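First the structure, in the form of structure tokens, and then the observations on it.
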There are 2 protein chains.
Amino acid sequence: MQIVIIGSGNVAYHLAKAFVMNNIPLVQIFGRNEKELSKISEELKIPFSTEKLQAADLYIICVSDNSVENVSKLILAKDSLVAHTSGSLPKEILAGDYRKASFYPLQTFSKSKSLDYSKIPFFVETENKEDQQILFNLASKISENVMESTHEKRKYIHLTAVFACNFVNHLFARAKEISDAQEIPFDYFLPLIDETVQKIHEIDPKSAQTGPAVRNDKRILELHEQLLKDESLEIYKTMNHSIQKMYEL
Amino acid sequence: MQIVIIGSGNVAYHLAKAFVMNNIPLVQIFGRNEKELSKISEELKIPFSTEKLQAADLYIICVSDNSVENVSKLILAKDSLVAHTSGSLPKEILAGDYRKASFYPLQTFSKSKSLDYSKIPFFVETENKEDQQILFNLASKISENVMESTHEKRKYIHLTAVFACNFVNHLFARAKEISDAQEIPFDYFLPLIDETVQKIHEIDPKSAQTGPAVRNDKRILELHEQLLKDESLEIYKTMNHSIQKMYEL
């Protein structure tokens, strides 16, 4: 099977790398950003182009949601399978006369950070059983965790991921801003952060809640509000309100 | 040195366990909750009492912030060192005629979850160098990571921990609420969560940010708002606003 990856961002890079590492050849990596493409091409030994899209059996589109539709129009082959990697778009957004699919890896990708691809859940949606088999076989060469998913379900998977990953990372960024301002090394907090996450592998997060809000410790909540301002203060109030609502305090 | 721990909650239990596991004998665990004390006493083979506080060289008060002052009045010995374990209170809250200290372990404690105590940072504040040496020596038997800290700094350490631990856990709880409602197993998200945290061991969280808000993907942000309500919707808006402010979007 001839596979082309379209895109040069974090998802394109890591998916290409996962394929190459698992001896799945890619015939091309295609996109607009020549500089990024040539870096990926050199590292992974895959031909790249910014101009001529190679004929292939499977195209995997790894571009931002806003660009998926336009990029999908570049694929003219009718006997190909085309999949996007978006958590939120329906497969019908793909605007061509080919078989359509969604191939969604549930992970956060940064170029400078290597990953254990075998743990990444892949969610697959296709038009028919044969295509499903193709994408299941492919994903199973990378990951232990491949599942079917409708577009409806995928939207909620993506939304959950925003809370559990994007927002969590932003809390780390705001936390570091607070500690940096006091010249407290952020490294001090890593064992605490590791334990916070380790805990929810064993305990329901609702049962694992600790801190002043769930203890309804008004003195501390007021003290902390005095130490904060702007967005961090807004986050502080919103999170405490939500905690107290969840536990009916 | 004769040591007494006062309290029967998560901090008291884990600190007592850390002492016992490192062959530091405790002469008593003292508190009000007989049921909890007797459980700890049985597991760790430490005498307990709800009535008569044992004479000791060092008392470590592990009770909620609201109770520290009252509990500290129970200690009448003048030649003792008394430390509380609060992240927010000054050592002067201790209301007795003894040497006062703060002994703050930066960790989240749940009774049902075991811990690697050697990784817990301990922050120590005392009235004099001799007491500092006593508490440093003690904490160093448990942890590799023992530091001095003023009350002022400790307040900000605690505040940072609320963002990086308590609020992060609450995001997990709200995320699980969303996935539970769609019958999506929360286990799917554990590799993503692990990676989110693994990342910040290597990359500054501000650089590691991903997701629709930092991409300024208005279509997804609007779609997600339609899927949410109540506190989760408030969190969604507040976090996205804060992300967009941080990156000046």
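Going through the structure tokens in order, the chains are called A, B, and so on, while each chain numbers its residues from 1 and the ligands are numbered from 1 in the order shown.
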Problem set entry | chain A contacts to chain B at 6 Å (only C-alpha atoms) as a list in words |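 Taken together, these residues fit the definition: Gln107, Thr160, Phe163, Ala164, Cys165, Asn166, Val168, Leu171, Phe172, Ala173, Ala175, Leu192, Ile193, Thr196, Pro205, Lys206, Thr210, Gly211, Glu231 and Ser242 of chain A.
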For this session: Based on DSSP run over this structure's backbone, return all residues of segment 61-194 of chain B in strand (DSSP E or B), as a PyMOL selection string.
Result: chain B and resi 61+81-84+99-105+122-126+146-148
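Picture a line from atom CA of Asp79 of chain B to atom CA of Ile40 of chain B; it runs 27.6 Å.
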Under the rule of at most 12 Å, produce a per-residue listing of segment 95-133 of chain B near segment 42-58 of chain B: chain, number, name, the closest pair of atoms, and the distance in Å, as CSV, using only C-alpha atoms.
```
residue,atom,partner,partner_atom,distance
B:Tyr98,CA,B:Leu58,CA,10.2
B:Arg99,CA,B:Leu58,CA,9.6
B:Lys100,CA,B:Leu58,CA,10.1
B:Ala101,CA,B:Leu58,CA,10.1
B:Ser102,CA,B:Leu58,CA,11.9
B:Phe103,CA,B:Leu58,CA,11.4
B:Asp131,CA,B:Leu58,CA,10.1
```
For this session: Among the residues of segment 128-200 of chain A, find those DSSP assigns to alpha helix (DSSP H) from the backbone and print them as a VMD selection string.
Result: chain A and resid 129 to 142 151 to 161 168 to 181 190 to 199
